[in-house]
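What follows is a short report on a single structure.
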Amino acid sequence: MSLIVAIILGIVEGLTEFIPVSSTGHMILSAKLMGYNDQSSEMKTFEIIIQLGAILAIAIVYRERILNLFGLKKDKQLFRSQVPARKLNLIHVILGCLPGLAVGFIFRHQIKDLFSTSTVLWALVVGGVFMIFAEWFGNNKARVSAKEIDHLSYGQALLIGFYQCISILWPGFSRSGSTIAGGMLSGASYKAAADFSFLIAIPMMCAASGYELLDSYKDITGSNLGYFILGFIVSFVVAYLVVVAFLKLLQKIKLRHFAYYRFVLAAVFWIFIMR
C-alpha cells in the first residue's frame with residue numbers, strides 16, 4: 001500500500017459510508033481500478049480502521065444527541081413550551097439496532113459466503129429501485145407520523161431495525177439506504193429517517209468493526225501503521241464533512257438522486273469488474 005492509495009481509499013470510505021450509495025461497492029471498485037486485492041487480510045483490516053474513522057465522525061456530529069440519550073447533557077427542549085409528545089431515548093436506539101445485531105451474529109458465517117461481485121452489483125440495482133419506491137410511497141401514500149427524530153415511535157424504530165437487516169444479509173445494498181428508505185415506508189419523514197439512520201450507525205458499526213478487528217488486529221504492524229493512521233484521519237475528516245453537508249442539503253438531494261447514481265455505479269461495476 002502507498003500513501004496515495006491510503007488517502008484515496010480513506011476518501012472513498014468517508015464519502016460513501018453514510019450516504020445511500022453502498023460503500024462496499026465503492027471500495028471493491030476502487031481497489032479493483034487501482035490493482036489491489038480488496039479481499040486480502042491486510043486490506044480488510046485497513047477497511048475496518050477507516051470505518052472506525054467514519055464512526056468517530058458521525059459520533060462527533062451527533063455528540064449532543066448522544067449525551068442527551070445518556071442523560072449527560074440537559075436538553076434545551078425542556079425549557080421550551082413546545083416539547084415533543086415523544087422523545088427519542090435509548091430504547092429507540094436499542095430497538096433500531098437489535099434486529100440487525102441478532103441477524104449479523106446468527107448468520108455471521110453465512111454472510112461472508114454471500115459476498116461476491118455479482119451480489120453487490122444486483123444489490124446496487126435492487127437497492128436503488130427500493131429507494132425510489134420508498135420515496136414515492138412516502139410522498140404519496142404514507143401518512144407521515146414522525147416529522148422529526150423525536151417523534152419516532154418504538155414500533156417505527158423496530159421496523160427500521162428490520163429494514164436494516166436487508167443490508168446485512170445482502171452486501172452492497174447499503175445500510176443507510178435500507179434504513180432511510182425503511183424509515184420512510186414506516187411513516188417517518190426523510191429527515192427523521194436520515195437522522196435515525198446515522199444515529200444507529202454508531203453502535204451497529206462499532207459492534208461489526210470491533211468483532212472483525214478481534215480477528216484481524218495482527219495485520220496492524222509497524223510497516224503499515226502509518227498508512228492505517230493516515231486512512232483513519234482522511235476517512236474521519238471526509239465523513240464529517242459529507243454528513244454535515246448531507247444534513248444541510250437534505251431537502252435538495254432526494255433519495256431518488258442517490259438511486260440514479262447507484263444505477264450508474266452498477267453500470268461501471270459491470271464494465272470494469274463483471275466483464
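Following the order of the C-alpha cells, chains are lettered A, B, ..., residues in each are numbered from 1, and ligands are numbered from 1.
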
Dump as JSON lines the rows for residues of stretch 151-227 of chain A within 10 Å of stretch 113-118 of chain A: closest atom pair and distance in Å with one decimal, only C-alpha atoms counted, ordered by chain and rising residue number.
```
{"residue": "A:Leu169", "atom": "CA", "partner": "A:Leu114", "partner_atom": "CA", "distance": 7.9}
{"residue": "A:Trp170", "atom": "CA", "partner": "A:Leu114", "partner_atom": "CA", "distance": 7.4}
{"residue": "A:Pro171", "atom": "CA", "partner": "A:Phe115", "partner_atom": "CA", "distance": 6.1}
{"residue": "A:Gly172", "atom": "CA", "partner": "A:Phe115", "partner_atom": "CA", "distance": 8.8}
```

Just the residues within 10 Å of A:Ile91, please, counting only C-alpha atoms, with nothing from its chain fewer than 5 positions along; format it as a PyMOL selection string. chain A and resi 69+96-97+154+157-158

Can I get the selected residues back with N, CA, C and O atoms, as a PDB file, in the first residue's frame?
```pdb
ATOM      1  N   LEU A  69     -29.038  11.199  25.256  1.00  0.00           N
ATOM      2  CA  LEU A  69     -29.544   9.835  25.409  1.00  0.00           C
ATOM      3  C   LEU A  69     -29.089   9.218  26.723  1.00  0.00           C
ATOM      4  O   LEU A  69     -29.811   8.445  27.356  1.00  0.00           O
ATOM      5  N   GLY A  96     -33.790  -0.178  17.251  1.00  0.00           N
ATOM      6  CA  GLY A  96     -33.297   0.014  15.894  1.00  0.00           C
ATOM      7  C   GLY A  96     -32.085  -0.851  15.573  1.00  0.00           C
ATOM      8  O   GLY A  96     -31.853  -1.190  14.412  1.00  0.00           O
ATOM      9  N   CYS A  97     -31.334  -1.209  16.614  1.00  0.00           N
ATOM     10  CA  CYS A  97     -30.111  -1.996  16.413  1.00  0.00           C
ATOM     11  C   CYS A  97     -30.314  -3.492  16.624  1.00  0.00           C
ATOM     12  O   CYS A  97     -29.604  -4.308  16.016  1.00  0.00           O
ATOM     13  N   TYR A 154     -41.706   3.612  19.155  1.00  0.00           N
ATOM     14  CA  TYR A 154     -40.910   2.396  19.337  1.00  0.00           C
ATOM     15  C   TYR A 154     -41.139   1.427  18.170  1.00  0.00           C
ATOM     16  O   TYR A 154     -40.203   0.763  17.705  1.00  0.00           O
ATOM     17  N   ALA A 157     -39.105   2.543  15.191  1.00  0.00           N
ATOM     18  CA  ALA A 157     -37.689   2.253  15.406  1.00  0.00           C
ATOM     19  C   ALA A 157     -37.397   0.779  15.139  1.00  0.00           C
ATOM     20  O   ALA A 157     -36.392   0.430  14.503  1.00  0.00           O
ATOM     21  N   LEU A 158     -38.291  -0.090  15.602  1.00  0.00           N
ATOM     22  CA  LEU A 158     -38.105  -1.528  15.395  1.00  0.00           C
ATOM     23  C   LEU A 158     -38.235  -1.894  13.917  1.00  0.00           C
ATOM     24  O   LEU A 158     -37.457  -2.709  13.399  1.00  0.00           O
TER      25      LEU A 158
END
```

Measure the distance from atom CA of A:Phe130 to atom CA of A:Ala259 in Å and round it to one decimal. 8.5 Å

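Here atom CA of A:Ala123 is placed at a distance of 24.8 Å from atom CA of A:Ala142.
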
Mind running stretch 89-158 of chain A against stretch 182-188 of chain A at 7 Å and telling me each contacting residue's nearest atom pair with the distance in Å (one decimal), counting only C-alpha atoms, chain and number ascending, as JSON lines?
```
{"residue": "A:Ala134", "atom": "CA", "partner": "A:Leu185", "partner_atom": "CA", "distance": 5.7}
{"residue": "A:Glu135", "atom": "CA", "partner": "A:Met184", "partner_atom": "CA", "distance": 6.9}
{"residue": "A:Phe137", "atom": "CA", "partner": "A:Leu185", "partner_atom": "CA", "distance": 6.7}
{"residue": "A:Gly138", "atom": "CA", "partner": "A:Met184", "partner_atom": "CA", "distance": 5.4}
{"residue": "A:Ala142", "atom": "CA", "partner": "A:Gly187", "partner_atom": "CA", "distance": 5.9}
{"residue": "A:Arg143", "atom": "CA", "partner": "A:Gly187", "partner_atom": "CA", "distance": 5.8}
{"residue": "A:Val144", "atom": "CA", "partner": "A:Gly187", "partner_atom": "CA", "distance": 4.6}
{"residue": "A:Ser145", "atom": "CA", "partner": "A:Gly187", "partner_atom": "CA", "distance": 5.5}
{"residue": "A:Ala146", "atom": "CA", "partner": "A:Ala188", "partner_atom": "CA", "distance": 4.6}
{"residue": "A:Lys147", "atom": "CA", "partner": "A:Ala188", "partner_atom": "CA", "distance": 6.1}
{"residue": "A:Gln156", "atom": "CA", "partner": "A:Ser186", "partner_atom": "CA", "distance": 5.9}
```

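Of the listed residues (A:His109, A:Ile229, A:Val129, A:Phe70), A:Val129 comes nearest to A:Tyr260; the distances count only C-alpha atoms.
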
Do you know which residues are at most 12 Å from A:Lys32 counting only C-alpha atoms, after dropping those on the same chain fewer than 6 positions away, and could you put them as a PDB file with N, CA, C and O atoms, in the first residue's frame?
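The result, written out as result_12.pdb:
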```pdb
ATOM      1  N   VAL A   5      -2.718   5.542  -2.147  1.00  0.00           N
ATOM      2  CA  VAL A   5      -3.802   4.560  -2.061  1.00  0.00           C
ATOM      3  C   VAL A   5      -4.544   4.702  -0.738  1.00  0.00           C
ATOM      4  O   VAL A   5      -5.776   4.658  -0.695  1.00  0.00           O
ATOM      5  N   LEU A   9      -8.527   5.598  -0.638  1.00  0.00           N
ATOM      6  CA  LEU A   9      -9.493   4.707   0.000  1.00  0.00           C
ATOM      7  C   LEU A   9     -10.134   5.367   1.221  1.00  0.00           C
ATOM      8  O   LEU A   9     -11.313   5.141   1.512  1.00  0.00           O
ATOM      9  N   GLY A  25     -19.631  -1.382  -2.431  1.00  0.00           N
ATOM     10  CA  GLY A  25     -19.440  -1.349  -3.874  1.00  0.00           C
ATOM     11  C   GLY A  25     -18.327  -0.408  -4.282  1.00  0.00           C
ATOM     12  O   GLY A  25     -17.509  -0.728  -5.155  1.00  0.00           O
ATOM     13  N   HIS A  26     -18.260   0.747  -3.652  1.00  0.00           N
ATOM     14  CA  HIS A  26     -17.216   1.720  -3.980  1.00  0.00           C
ATOM     15  C   HIS A  26     -15.828   1.220  -3.590  1.00  0.00           C
ATOM     16  O   HIS A  26     -14.854   1.450  -4.328  1.00  0.00           O
ATOM     17  N   ASP A  38      -8.898  -6.485  -2.783  1.00  0.00           N
ATOM     18  CA  ASP A  38      -9.687  -5.985  -1.653  1.00  0.00           C
ATOM     19  C   ASP A  38     -10.080  -7.093  -0.693  1.00  0.00           C
ATOM     20  O   ASP A  38     -10.623  -6.817   0.384  1.00  0.00           O
ATOM     21  N   GLN A  39      -9.813  -8.366  -1.051  1.00  0.00           N
ATOM     22  CA  GLN A  39     -10.149  -9.477  -0.170  1.00  0.00           C
ATOM     23  C   GLN A  39      -8.955  -9.934   0.665  1.00  0.00           C
ATOM     24  O   GLN A  39      -9.085 -10.872   1.456  1.00  0.00           O
ATOM     25  N   THR A 117     -18.995 -10.260  -6.214  1.00  0.00           N
ATOM     26  CA  THR A 117     -19.159  -9.059  -7.034  1.00  0.00           C
ATOM     27  C   THR A 117     -20.541  -9.012  -7.680  1.00  0.00           C
ATOM     28  O   THR A 117     -21.143  -7.942  -7.807  1.00  0.00           O
ATOM     29  N   VAL A 268     -20.903   0.886 -14.241  1.00  0.00           N
ATOM     30  CA  VAL A 268     -19.438   0.932 -14.163  1.00  0.00           C
ATOM     31  C   VAL A 268     -18.916  -0.367 -13.568  1.00  0.00           C
ATOM     32  O   VAL A 268     -17.897  -0.919 -14.007  1.00  0.00           O
ATOM     33  N   PHE A 269     -19.611  -0.868 -12.557  1.00  0.00           N
ATOM     34  CA  PHE A 269     -19.269  -2.129 -11.904  1.00  0.00           C
ATOM     35  C   PHE A 269     -19.254  -3.264 -12.930  1.00  0.00           C
ATOM     36  O   PHE A 269     -18.346  -4.100 -12.951  1.00  0.00           O
ATOM     37  N   ILE A 271     -18.922  -3.046 -16.235  1.00  0.00           N
ATOM     38  CA  ILE A 271     -17.897  -2.857 -17.266  1.00  0.00           C
ATOM     39  C   ILE A 271     -16.502  -3.222 -16.761  1.00  0.00           C
ATOM     40  O   ILE A 271     -15.734  -3.914 -17.445  1.00  0.00           O
ATOM     41  N   PHE A 272     -16.159  -2.769 -15.545  1.00  0.00           N
ATOM     42  CA  PHE A 272     -14.790  -2.923 -15.073  1.00  0.00           C
ATOM     43  C   PHE A 272     -14.535  -4.174 -14.229  1.00  0.00           C
ATOM     44  O   PHE A 272     -13.386  -4.563 -14.022  1.00  0.00           O
ATOM     45  N   ILE A 273     -15.597  -4.809 -13.726  1.00  0.00           N
ATOM     46  CA  ILE A 273     -15.398  -5.961 -12.839  1.00  0.00           C
ATOM     47  C   ILE A 273     -16.035  -7.226 -13.382  1.00  0.00           C
ATOM     48  O   ILE A 273     -15.419  -8.280 -13.413  1.00  0.00           O
ATOM     49  N   MET A 274     -17.279  -7.130 -13.824  1.00  0.00           N
ATOM     50  CA  MET A 274     -18.003  -8.330 -14.206  1.00  0.00           C
ATOM     51  C   MET A 274     -17.634  -8.836 -15.595  1.00  0.00           C
ATOM     52  O   MET A 274     -17.678 -10.035 -15.858  1.00  0.00           O
TER      53      MET A 274
END
```

Identify, on the basis of only C-alpha atoms, every residue whose closest approach to A:Arg175 does not exceed 9 Å; exclude the query and any residue fewer than 6 positions from it along the same chain; express the result as JSON, numbers by chain. {"A": [17, 18, 19, 20, 22, 163, 164, 165, 166, 167, 168, 197, 201]}

Contact table stretch 165-218 of chain A vs stretch 60-67 of chain A, cut-off 10 Å, shortest pair per residue, only C-alpha atoms, as a Markdown table:
```
| residue | atom | partner | partner_atom | distance |
| --- | --- | --- | --- | --- |
| A:Asp195 | CA | A:Tyr62 | CA | 9.1 |
| A:Phe198 | CA | A:Tyr62 | CA | 8.5 |
| A:Leu199 | CA | A:Tyr62 | CA | 7.1 |
| A:Ile202 | CA | A:Tyr62 | CA | 9.7 |
```

Go ahead and dump the residues you just picked, N, CA, C and O atoms, as a tab-separated table (two decimals), in the first residue's frame.
```
chain	number	residue	atom	x	y	z
A	195	ASP	N	-31.74	11.02	10.10
A	195	ASP	CA	-31.15	11.25	11.42
A	195	ASP	C	-31.05	9.94	12.21
A	195	ASP	O	-30.03	9.65	12.83
A	198	PHE	N	-28.34	7.61	10.76
A	198	PHE	CA	-26.99	8.00	11.14
A	198	PHE	C	-26.71	7.66	12.61
A	198	PHE	O	-25.61	7.21	12.95
A	199	LEU	N	-27.71	7.88	13.45
A	199	LEU	CA	-27.51	7.66	14.89
A	199	LEU	C	-27.27	6.19	15.21
A	199	LEU	O	-26.35	5.84	15.95
A	202	ILE	N	-23.80	4.25	14.64
A	202	ILE	CA	-22.68	4.26	15.58
A	202	ILE	C	-22.56	2.94	16.33
A	202	ILE	O	-21.51	2.28	16.26
```

Backbone-only DSSP, helix (DSSP H, G or I) members of stretch 155-237 of chain A, as a compact mmCIF listing (two decimals) with N, CA, C and O atoms, in the first residue's frame:
```txt
# COMPACT_ATOMS: atom_id res chain seq x y z
N GLY A 155 -42.39 1.37 17.71
CA GLY A 155 -42.70 0.48 16.59
C GLY A 155 -41.95 0.87 15.33
O GLY A 155 -41.45 0.01 14.59
N GLN A 156 -41.87 2.18 15.06
CA GLN A 156 -41.15 2.64 13.88
C GLN A 156 -39.66 2.35 14.00
O GLN A 156 -39.01 1.95 13.03
N ALA A 157 -39.10 2.54 15.19
CA ALA A 157 -37.69 2.25 15.41
C ALA A 157 -37.40 0.78 15.14
O ALA A 157 -36.39 0.43 14.50
N LEU A 158 -38.29 -0.09 15.60
CA LEU A 158 -38.10 -1.53 15.40
C LEU A 158 -38.24 -1.89 13.92
O LEU A 158 -37.46 -2.71 13.40
N LEU A 159 -39.20 -1.28 13.22
CA LEU A 159 -39.37 -1.55 11.79
C LEU A 159 -38.13 -1.13 11.01
O LEU A 159 -37.67 -1.85 10.10
N ILE A 160 -37.58 0.02 11.35
CA ILE A 160 -36.35 0.47 10.69
C ILE A 160 -35.23 -0.53 10.96
O ILE A 160 -34.42 -0.83 10.07
N GLY A 161 -35.19 -1.07 12.17
CA GLY A 161 -34.20 -2.09 12.50
C GLY A 161 -34.33 -3.33 11.64
O GLY A 161 -33.33 -3.91 11.20
N PHE A 162 -35.57 -3.73 11.35
CA PHE A 162 -35.78 -4.90 10.48
C PHE A 162 -35.38 -4.58 9.04
O PHE A 162 -34.81 -5.43 8.34
N TYR A 163 -35.70 -3.37 8.57
CA TYR A 163 -35.27 -2.99 7.22
C TYR A 163 -33.74 -2.98 7.12
O TYR A 163 -33.18 -3.30 6.07
N GLN A 164 -33.08 -2.63 8.20
CA GLN A 164 -31.61 -2.61 8.20
C GLN A 164 -31.03 -4.00 7.94
O GLN A 164 -29.94 -4.14 7.39
N CYS A 165 -31.78 -5.03 8.31
CA CYS A 165 -31.32 -6.41 8.12
C CYS A 165 -31.11 -6.75 6.65
O CYS A 165 -30.30 -7.63 6.32
N ILE A 166 -31.82 -6.05 5.76
CA ILE A 166 -31.64 -6.31 4.33
C ILE A 166 -30.20 -6.06 3.93
O ILE A 166 -29.58 -6.87 3.21
N SER A 167 -29.63 -4.95 4.40
CA SER A 167 -28.26 -4.61 4.03
C SER A 167 -27.25 -5.56 4.67
O SER A 167 -26.15 -5.75 4.14
N ILE A 168 -27.59 -6.13 5.82
CA ILE A 168 -26.69 -7.07 6.48
C ILE A 168 -26.65 -8.40 5.73
O ILE A 168 -25.58 -9.00 5.56
N LEU A 169 -27.80 -8.83 5.26
CA LEU A 169 -27.89 -10.11 4.55
C LEU A 169 -27.56 -9.98 3.06
O LEU A 169 -27.33 -10.99 2.39
N ARG A 175 -26.43 0.10 4.07
CA ARG A 175 -27.10 0.18 5.37
C ARG A 175 -27.93 1.46 5.47
O ARG A 175 -29.07 1.44 5.91
N SER A 176 -27.34 2.58 5.07
CA SER A 176 -28.09 3.85 5.15
C SER A 176 -29.26 3.85 4.17
O SER A 176 -30.33 4.39 4.47
N GLY A 177 -29.08 3.23 3.00
CA GLY A 177 -30.17 3.17 2.03
C GLY A 177 -31.35 2.38 2.55
O GLY A 177 -32.51 2.80 2.41
N SER A 178 -31.08 1.23 3.15
CA SER A 178 -32.16 0.39 3.66
C SER A 178 -32.86 1.03 4.85
O SER A 178 -34.08 0.93 4.99
N THR A 179 -32.11 1.71 5.71
CA THR A 179 -32.73 2.31 6.90
C THR A 179 -33.49 3.59 6.58
O THR A 179 -34.58 3.82 7.11
N ILE A 180 -32.94 4.43 5.71
CA ILE A 180 -33.64 5.66 5.35
C ILE A 180 -34.91 5.33 4.57
O ILE A 180 -36.00 5.86 4.85
N ALA A 181 -34.78 4.44 3.58
CA ALA A 181 -35.96 4.03 2.81
C ALA A 181 -36.97 3.31 3.71
O ALA A 181 -38.17 3.56 3.63
N GLY A 182 -36.47 2.43 4.58
CA GLY A 182 -37.35 1.73 5.51
C GLY A 182 -38.05 2.68 6.46
O GLY A 182 -39.23 2.49 6.80
N GLY A 183 -37.35 3.72 6.88
CA GLY A 183 -37.96 4.72 7.75
C GLY A 183 -39.10 5.45 7.06
O GLY A 183 -40.16 5.68 7.65
N MET A 184 -38.91 5.78 5.79
CA MET A 184 -39.97 6.47 5.04
C MET A 184 -41.17 5.56 4.82
O MET A 184 -42.32 6.01 4.86
N LEU A 185 -40.91 4.28 4.60
CA LEU A 185 -42.01 3.32 4.46
C LEU A 185 -42.74 3.10 5.77
O LEU A 185 -43.90 2.68 5.79
N TYR A 190 -38.28 12.05 5.57
CA TYR A 190 -36.92 11.84 5.03
C TYR A 190 -35.89 12.27 6.07
O TYR A 190 -34.91 11.56 6.32
N LYS A 191 -36.10 13.42 6.69
CA LYS A 191 -35.16 13.95 7.68
C LYS A 191 -35.08 13.07 8.91
O LYS A 191 -33.99 12.74 9.41
N ALA A 192 -36.23 12.66 9.44
CA ALA A 192 -36.25 11.82 10.64
C ALA A 192 -35.58 10.48 10.37
O ALA A 192 -34.83 9.96 11.20
N ALA A 193 -35.88 9.90 9.20
CA ALA A 193 -35.29 8.61 8.84
C ALA A 193 -33.78 8.73 8.69
O ALA A 193 -33.03 7.84 9.14
N ALA A 194 -33.31 9.82 8.07
CA ALA A 194 -31.87 10.00 7.90
C ALA A 194 -31.17 10.20 9.24
O ALA A 194 -30.11 9.60 9.50
N ASP A 195 -31.74 11.02 10.10
CA ASP A 195 -31.15 11.25 11.42
C ASP A 195 -31.05 9.94 12.21
O ASP A 195 -30.03 9.65 12.83
N PHE A 196 -32.12 9.16 12.20
CA PHE A 196 -32.12 7.90 12.95
C PHE A 196 -31.14 6.91 12.33
O PHE A 196 -30.46 6.16 13.03
N SER A 197 -31.06 6.90 11.01
CA SER A 197 -30.12 6.02 10.32
C SER A 197 -28.69 6.32 10.73
O SER A 197 -27.90 5.41 11.02
N PHE A 198 -28.34 7.61 10.76
CA PHE A 198 -26.99 8.00 11.14
C PHE A 198 -26.71 7.66 12.61
O PHE A 198 -25.61 7.21 12.95
N LEU A 199 -27.71 7.88 13.45
CA LEU A 199 -27.51 7.66 14.89
C LEU A 199 -27.27 6.19 15.21
O LEU A 199 -26.35 5.84 15.95
N ILE A 200 -28.10 5.31 14.65
CA ILE A 200 -27.94 3.88 14.96
C ILE A 200 -26.75 3.28 14.22
O ILE A 200 -26.34 2.14 14.52
N ALA A 201 -26.18 4.02 13.29
CA ALA A 201 -24.97 3.53 12.62
C ALA A 201 -23.82 3.40 13.61
O ALA A 201 -22.94 2.54 13.45
N ILE A 202 -23.80 4.25 14.64
CA ILE A 202 -22.68 4.26 15.58
C ILE A 202 -22.56 2.94 16.33
O ILE A 202 -21.51 2.28 16.26
N PRO A 203 -23.60 2.48 17.05
CA PRO A 203 -23.46 1.18 17.72
C PRO A 203 -23.36 0.01 16.76
O PRO A 203 -22.63 -0.96 17.02
N MET A 204 -24.06 0.08 15.62
CA MET A 204 -24.02 -1.02 14.66
C MET A 204 -22.62 -1.20 14.09
O MET A 204 -22.08 -2.31 14.05
N MET A 205 -22.01 -0.11 13.67
CA MET A 205 -20.68 -0.20 13.06
C MET A 205 -19.60 -0.49 14.08
O MET A 205 -18.62 -1.17 13.79
N CYS A 206 -19.79 0.03 15.30
CA CYS A 206 -18.82 -0.27 16.37
C CYS A 206 -18.83 -1.77 16.67
O CYS A 206 -17.77 -2.39 16.84
N ALA A 207 -20.02 -2.35 16.72
CA ALA A 207 -20.14 -3.79 17.00
C ALA A 207 -19.52 -4.61 15.88
O ALA A 207 -18.74 -5.54 16.13
N ALA A 208 -19.86 -4.27 14.63
CA ALA A 208 -19.35 -5.04 13.49
C ALA A 208 -17.85 -4.88 13.33
O ALA A 208 -17.12 -5.87 13.16
N SER A 209 -17.37 -3.63 13.40
CA SER A 209 -15.94 -3.38 13.23
C SER A 209 -15.13 -3.97 14.39
O SER A 209 -14.06 -4.54 14.19
N GLY A 210 -15.66 -3.83 15.61
CA GLY A 210 -14.98 -4.38 16.77
C GLY A 210 -14.85 -5.88 16.69
O GLY A 210 -13.78 -6.45 17.01
N TYR A 211 -15.91 -6.55 16.24
CA TYR A 211 -15.89 -8.01 16.13
C TYR A 211 -14.86 -8.45 15.09
O TYR A 211 -14.10 -9.39 15.30
N GLU A 212 -14.86 -7.76 13.94
CA GLU A 212 -13.92 -8.12 12.88
C GLU A 212 -12.48 -7.84 13.30
O GLU A 212 -11.56 -8.57 12.93
N LEU A 213 -12.30 -6.77 14.08
CA LEU A 213 -10.95 -6.39 14.48
C LEU A 213 -10.33 -7.40 15.44
O LEU A 213 -9.10 -7.52 15.53
N LEU A 214 -11.15 -8.15 16.16
CA LEU A 214 -10.65 -9.18 17.07
C LEU A 214 -9.86 -10.24 16.31
O LEU A 214 -8.93 -10.84 16.85
N ASP A 215 -10.24 -10.47 15.06
CA ASP A 215 -9.57 -11.49 14.25
C ASP A 215 -8.44 -10.93 13.39
O ASP A 215 -7.57 -11.69 12.95
N SER A 216 -8.47 -9.64 13.14
CA SER A 216 -7.52 -9.09 12.17
C SER A 216 -6.55 -8.05 12.72
O SER A 216 -5.78 -7.47 11.95
N TYR A 217 -6.58 -7.80 14.02
CA TYR A 217 -5.72 -6.75 14.56
C TYR A 217 -4.23 -7.05 14.35
O TYR A 217 -3.39 -6.14 14.35
N LYS A 218 -3.89 -8.32 14.16
CA LYS A 218 -2.48 -8.70 13.98
C LYS A 218 -1.91 -8.16 12.67
O LYS A 218 -0.69 -8.12 12.50
N ASP A 219 -2.79 -7.76 11.76
CA ASP A 219 -2.32 -7.19 10.49
C ASP A 219 -1.81 -5.77 10.67
O ASP A 219 -1.19 -5.22 9.75
N LEU A 225 1.50 0.75 9.82
CA LEU A 225 0.77 1.56 10.80
C LEU A 225 0.52 2.98 10.29
O LEU A 225 -0.56 3.54 10.49
N GLY A 226 1.52 3.54 9.62
CA GLY A 226 1.38 4.91 9.11
C GLY A 226 0.25 5.02 8.10
O GLY A 226 -0.51 5.98 8.11
N TYR A 227 0.12 4.01 7.23
CA TYR A 227 -0.94 4.00 6.24
C TYR A 227 -2.30 3.90 6.92
O TYR A 227 -3.27 4.55 6.52
N PHE A 228 -2.38 3.06 7.95
CA PHE A 228 -3.64 2.88 8.66
C PHE A 228 -4.06 4.17 9.36
O PHE A 228 -5.23 4.54 9.34
N ILE A 229 -3.11 4.83 9.99
CA ILE A 229 -3.42 6.09 10.68
C ILE A 229 -3.86 7.15 9.68
O ILE A 229 -4.82 7.90 9.92
N LEU A 230 -3.15 7.23 8.56
CA LEU A 230 -3.50 8.22 7.53
C LEU A 230 -4.90 7.96 6.99
O LEU A 230 -5.71 8.89 6.85
N GLY A 231 -5.21 6.69 6.69
CA GLY A 231 -6.54 6.35 6.20
C GLY A 231 -7.62 6.69 7.20
O GLY A 231 -8.70 7.17 6.84
N PHE A 232 -7.34 6.43 8.48
CA PHE A 232 -8.29 6.75 9.56
C PHE A 232 -8.58 8.24 9.59
O PHE A 232 -9.75 8.66 9.65
N ILE A 233 -7.54 9.06 9.54
CA ILE A 233 -7.71 10.52 9.62
C ILE A 233 -8.47 11.04 8.41
O ILE A 233 -9.39 11.86 8.54
N VAL A 234 -8.09 10.59 7.22
CA VAL A 234 -8.75 11.05 5.99
C VAL A 234 -10.23 10.66 6.00
O VAL A 234 -11.11 11.46 5.68
N SER A 235 -10.52 9.41 6.37
CA SER A 235 -11.90 8.95 6.43
C SER A 235 -12.70 9.77 7.42
O SER A 235 -13.85 10.14 7.15
N PHE A 236 -12.12 10.06 8.58
CA PHE A 236 -12.79 10.85 9.61
C PHE A 236 -13.16 12.24 9.08
O PHE A 236 -14.31 12.68 9.20
N VAL A 237 -12.19 12.92 8.49
CA VAL A 237 -12.42 14.29 8.02
C VAL A 237 -13.47 14.32 6.91
O VAL A 237 -14.41 15.13 6.93
```

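One distance worth recording is that between atom CA of A:Arg256 and atom CA of A:Ser174, which is 14.1 Å.
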